[in-house]
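The file upload.cif comes next; it holds mmCIF, C-alpha atoms.
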data_data
#
loop_
_atom_site.label_atom_id
_atom_site.label_comp_id
_atom_site.auth_asym_id
_atom_site.auth_seq_id
_atom_site.Cartn_x
_atom_site.Cartn_y
_atom_site.Cartn_z
CA MET U 1 8.92 -7.45 -44.44
CA GLU U 2 10.45 -8.04 -41.02
CA PHE U 3 14.18 -8.82 -40.79
CA THR U 4 16.11 -10.12 -37.78
CA PHE U 5 19.85 -9.48 -37.61
CA LYS U 6 22.70 -8.63 -35.23
CA LEU U 7 25.21 -5.81 -35.14
CA LYS U 8 28.28 -6.10 -32.91
CA TYR U 9 30.42 -3.10 -32.01
CA GLN U 10 33.61 -2.23 -30.16
CA LEU U 11 33.10 0.74 -27.83
CA THR U 12 35.47 3.43 -26.63
CA SER U 13 36.01 4.22 -22.97
CA ASP U 14 33.70 7.25 -23.47
CA ASP U 15 30.79 4.82 -23.86
CA SER U 16 31.34 2.83 -20.67
CA ASN U 17 28.18 4.08 -18.93
CA HIS U 18 25.74 1.34 -19.96
CA ASP U 19 22.57 3.10 -18.80
CA GLU U 20 23.46 6.21 -20.81
CA LEU U 21 24.44 4.07 -23.82
CA ILE U 22 21.11 2.22 -23.79
CA GLU U 23 19.23 5.51 -23.46
CA ARG U 24 21.08 7.04 -26.44
CA LEU U 25 20.47 3.95 -28.57
CA GLY U 26 16.75 4.07 -27.81
CA GLU U 27 16.54 7.78 -28.61
CA ALA U 28 18.38 7.21 -31.91
CA GLY U 29 15.79 4.70 -33.14
CA CYS U 30 17.17 1.40 -31.86
CA ASP U 31 14.03 0.68 -29.85
CA ASP U 32 13.48 -2.41 -32.03
CA ALA U 33 16.69 -4.03 -30.76
CA LEU U 34 17.65 -6.19 -27.82
CA ILE U 35 20.88 -4.72 -26.45
CA GLY U 36 23.61 -6.91 -25.01
CA ILE U 37 26.32 -5.25 -22.93
CA GLY U 38 27.78 -8.24 -21.10
CA GLN U 39 31.25 -8.17 -22.65
CA PRO U 40 33.40 -5.20 -21.54
CA GLY U 41 34.03 -2.73 -24.34
CA ARG U 42 31.43 -4.31 -26.64
CA VAL U 43 27.78 -3.93 -27.44
CA ALA U 44 25.63 -6.32 -29.46
CA LEU U 45 22.24 -5.37 -30.83
CA GLU U 46 19.73 -7.90 -32.12
CA PHE U 47 17.26 -6.05 -34.32
CA THR U 48 13.87 -7.08 -35.59
CA ARG U 49 13.27 -4.33 -38.11
CA GLU U 50 10.53 -3.74 -40.63
CA ALA U 51 11.80 -2.61 -44.06
CA GLU U 52 11.29 -3.17 -47.76
CA SER U 53 14.59 -5.03 -48.08
CA ALA U 54 17.31 -6.54 -45.93
CA PHE U 55 19.70 -3.88 -47.18
CA ALA U 56 17.32 -1.08 -46.14
CA ALA U 57 16.84 -2.67 -42.70
CA LEU U 58 20.58 -3.03 -42.10
CA ILE U 59 21.52 0.41 -43.42
CA SER U 60 18.89 2.13 -41.29
CA ALA U 61 20.04 0.24 -38.19
CA LEU U 62 23.70 1.04 -38.89
CA ALA U 63 22.79 4.72 -39.26
CA ASP U 64 20.78 4.69 -36.01
CA VAL U 65 23.68 3.16 -34.07
CA LYS U 66 26.15 5.61 -35.66
CA ARG U 67 23.96 8.53 -34.49
CA ALA U 68 23.83 7.18 -30.95
CA VAL U 69 27.42 5.96 -30.63
CA PRO U 70 29.51 7.75 -33.28
CA ALA U 71 32.88 6.41 -32.08
CA ALA U 72 31.80 2.75 -31.99
CA LYS U 73 33.51 0.47 -34.51
CA LEU U 74 31.47 -2.18 -36.28
CA ILE U 75 32.88 -5.65 -35.61
CA GLU U 76 30.37 -7.88 -37.37
CA VAL U 77 26.98 -8.02 -39.05
CA GLY U 78 25.03 -11.22 -38.55
CA PRO U 79 23.79 -13.69 -39.40
CA ASP U 80 26.86 -14.48 -41.45
CA LEU U 81 29.66 -16.68 -40.14
CA VAL U 82 28.20 -19.88 -38.73
CA GLY U 83 29.04 -23.42 -37.71
CA LEU U 84 26.99 -26.48 -38.57
CA THR U 85 24.96 -26.21 -35.36
CA ASP U 86 23.91 -22.67 -36.33
CA VAL U 87 22.90 -23.85 -39.81
CA ALA U 88 20.87 -26.67 -38.28
CA ASP U 89 19.08 -24.19 -36.03
CA PHE U 90 18.15 -22.00 -39.02
CA VAL U 91 16.61 -24.89 -40.94
CA GLY U 92 15.14 -26.77 -37.98
CA VAL U 93 17.11 -30.00 -38.18
CA THR U 94 19.87 -31.59 -36.12
CA ARG U 95 23.55 -30.76 -36.41
CA GLN U 96 24.15 -34.39 -37.35
CA ASN U 97 21.76 -34.02 -40.29
CA ILE U 98 23.67 -31.02 -41.66
CA ARG U 99 27.04 -32.70 -41.02
CA LYS U 100 25.88 -35.79 -42.92
CA LEU U 101 24.82 -33.59 -45.85
CA ALA U 102 28.19 -31.85 -45.82
CA VAL U 103 30.15 -35.12 -45.73
CA THR U 104 28.08 -37.00 -48.32
CA ASN U 105 28.07 -33.97 -50.65
CA SER U 106 31.66 -32.90 -50.03
CA THR U 107 32.27 -31.86 -53.64
CA SER U 108 29.25 -29.56 -53.84
CA PHE U 109 28.75 -28.42 -50.23
CA PRO U 110 29.99 -24.82 -49.80
CA THR U 111 33.63 -24.40 -48.88
CA PRO U 112 34.16 -23.16 -45.33
CA VAL U 113 35.64 -19.72 -44.72
CA HIS U 114 37.69 -21.26 -41.92
CA GLU U 115 38.39 -24.96 -41.66
CA GLY U 116 39.49 -26.61 -38.46
CA SER U 117 38.09 -28.17 -35.33
CA SER U 118 35.38 -25.52 -35.53
CA SER U 119 34.79 -24.77 -39.21
CA LEU U 120 32.87 -21.67 -40.27
CA TRP U 121 30.78 -20.97 -43.36
CA HIS U 122 28.93 -17.98 -44.71
CA LEU U 123 25.31 -18.73 -43.81
CA ALA U 124 24.08 -17.38 -47.16
CA ASP U 125 26.23 -19.90 -49.05
CA VAL U 126 24.98 -22.89 -47.05
CA LEU U 127 21.33 -21.79 -47.12
CA GLY U 128 21.53 -21.21 -50.87
CA TRP U 129 22.94 -24.71 -51.32
CA LEU U 130 20.21 -26.20 -49.12
CA MET U 131 17.48 -24.34 -51.01
CA LYS U 132 18.70 -25.89 -54.26
CA LYS U 133 18.07 -29.27 -52.63
CA GLY U 134 14.46 -28.11 -52.20
CA THR U 135 13.71 -29.98 -48.99
CA TYR U 136 14.15 -27.20 -46.43
CA LYS U 137 11.92 -24.32 -45.45
CA LEU U 138 13.16 -20.99 -44.12
CA ALA U 139 11.47 -18.00 -42.56
CA PRO U 140 10.81 -15.30 -45.16
CA GLY U 141 13.78 -12.99 -45.63
CA THR U 142 16.33 -15.36 -44.06
CA ILE U 143 18.46 -15.82 -47.17
CA GLU U 144 18.15 -12.14 -48.06
CA ILE U 145 19.39 -10.98 -44.64
CA ALA U 146 22.20 -13.57 -44.66
CA LYS U 147 23.36 -12.47 -48.14
CA THR U 148 23.27 -8.81 -47.15
CA ALA U 149 25.12 -9.45 -43.88
CA LYS U 150 27.81 -11.35 -45.82
CA GLN U 151 28.21 -8.50 -48.29
CA LEU U 152 28.47 -5.87 -45.56
CA ASN U 153 31.07 -7.91 -43.66
CA ILE U 154 33.12 -8.39 -46.83
CA ALA U 155 32.85 -4.68 -47.64
CA ARG U 156 33.98 -3.82 -44.11
CA GLN U 157 37.02 -6.08 -44.53
CA VAL U 158 37.88 -4.63 -47.96
CA LEU U 159 37.99 -1.16 -46.43
CA HIS U 160 40.87 -2.39 -44.26
CA LEU U 161 43.03 -3.65 -47.14
CA GLU U 162 46.24 -1.74 -47.68
CA GLN U 163 46.07 0.18 -50.94
CA ASN U 164 48.97 -1.65 -52.62
CA ILE U 165 47.43 -5.04 -51.78
CA SER U 166 44.03 -3.91 -53.02
CA ASP U 167 45.50 -2.67 -56.33
CA GLU U 168 47.51 -5.86 -56.86
CA LEU U 169 44.51 -8.10 -56.09
CA ARG U 170 42.30 -6.06 -58.39
CA MET U 171 44.73 -6.71 -61.28
CA LEU U 172 44.80 -10.46 -60.56
CA ILE U 173 41.07 -11.08 -60.23
CA ALA U 174 39.63 -8.61 -62.75
#
Once you've parsed the file, please lay out its structure as structure tokens.
Amino acid sequence: MEFTFKLKYQLTSDDSNHDELIERLGEAGCDDALIGIGQPGRVALEFTREAESAFAALISALADVKRAVPAAKLIEVGPDLVGLTDVADFVGVTRQNIRKLAVTNSTSFPTPVHEGSSSLWHLADVLGWLMKKGTYKLAPGTIEIAKTAKQLNIARQVLHLEQNISDELRMLIA
């Protein structure tokens, strides 16, 4: 199956030569990615990768980037954190349609990760909720890649927990 996803990285000053960076990424197997280098000190790669699972696609892409740019730090795996407009784009409806669903189903609609003037949700949570409604169609693999991206982002964040906080949380939620 073919999976489309994004990887965003923070670069070191050693990787400031964009032409060399693009060349290394291509040689390392990232020839199935569109590479964005517009923001200083960052690189974003949008992959369309063939694999047996979303996890296999993401892990192979992460390994390819690590080979090409070993000092780069992963910032985010996408699609994961989204606003209502992003959700609407994934399911092919208007933002107003998704907002209406969220408001009229406020007790069952997924809770945002961040709530404010620009609220954010995990795409996998919202798509899962929409699929239970049964009236929306998605491209094959969309929920799988969104769930896997969410899990990898959460795992990346957990790695940054201080040990004493991690131990205390583990005791409270186990």
Handout entry: Result set of the PyMOL selection byres ((chain U and resi 13-27) around 10) on the coordinates above, as a list of chain:residue names
Key =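 Selection result, ordered by chain and number: U:Gln10, U:Leu11, U:Thr12, U:Ala28, U:Gly29, U:Cys30, U:Asp31, U:Asp32, U:Ala33, U:Leu34, U:Ile35, U:Gly36, U:Ile37, U:Gly38, U:Pro40, U:Gly41, U:Arg42, U:Val43, U:Leu45, U:Asp64, U:Val65, U:Lys66, U:Arg67, U:Ala68, U:Val69, U:Pro70, U:Ala71, U:Ala72.
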Handout entry: Target residues per the PyMOL selection byres ((chain U and resi 83) around 8), formatted as a ChimeraX atom specification
Key = /U:81-82,84-87,118-121
Given only C-alpha atoms, how would the per-residue table for region 78-97 of chain U near region 130-137 of chain U read, listing every residue at most 10 Å away with its closest atom pair and distance in Å to one decimal, sorted by chain and number, as JSON lines?
{"residue": "U:Val87", "atom": "CA", "partner": "U:Leu130", "partner_atom": "CA", "distance": 10.0}
{"residue": "U:Phe90", "atom": "CA", "partner": "U:Lys137", "partner_atom": "CA", "distance": 9.2}
{"residue": "U:Val91", "atom": "CA", "partner": "U:Tyr136", "partner_atom": "CA", "distance": 6.4}
{"residue": "U:Gly92", "atom": "CA", "partner": "U:Lys137", "partner_atom": "CA", "distance": 8.5}
{"residue": "U:Val93", "atom": "CA", "partner": "U:Tyr136", "partner_atom": "CA", "distance": 9.2}
Exercise for the section: Grab the CA of Phe3 (chain U) to CA of Ala51 (chain U) distance for me, in Å with one decimal place. Expected result: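 Going from CA of Phe3 (chain U) over to CA of Ala51 (chain U), I get 7.4 Å.
Picture a line from CA of Leu138 (chain U) to CA of Ala54 (chain U); it runs 15.1 Å.
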Handout entry: Selection dump of the PyMOL selection byres ((chain U and resi 75) around 7), as a PyMOL selection string
Key = chain U and resi 8-10+73-74+76
Practice task
Find the residues around region 143-157 of chain U up to 10 Å (only C-alpha atoms counted), leave out those fewer than 2 positions away in its own chain, and share them as a ChimeraX atom specification.
Solution key: /U:3-7,53-59,74-81,122-128,131,138-141,159-161
Handout entry: Coordinates-based distance that separates CA of Glu2 (chain U) from CA of Phe47 (chain U) (Å, one decimal)
Key = 9.8 Å
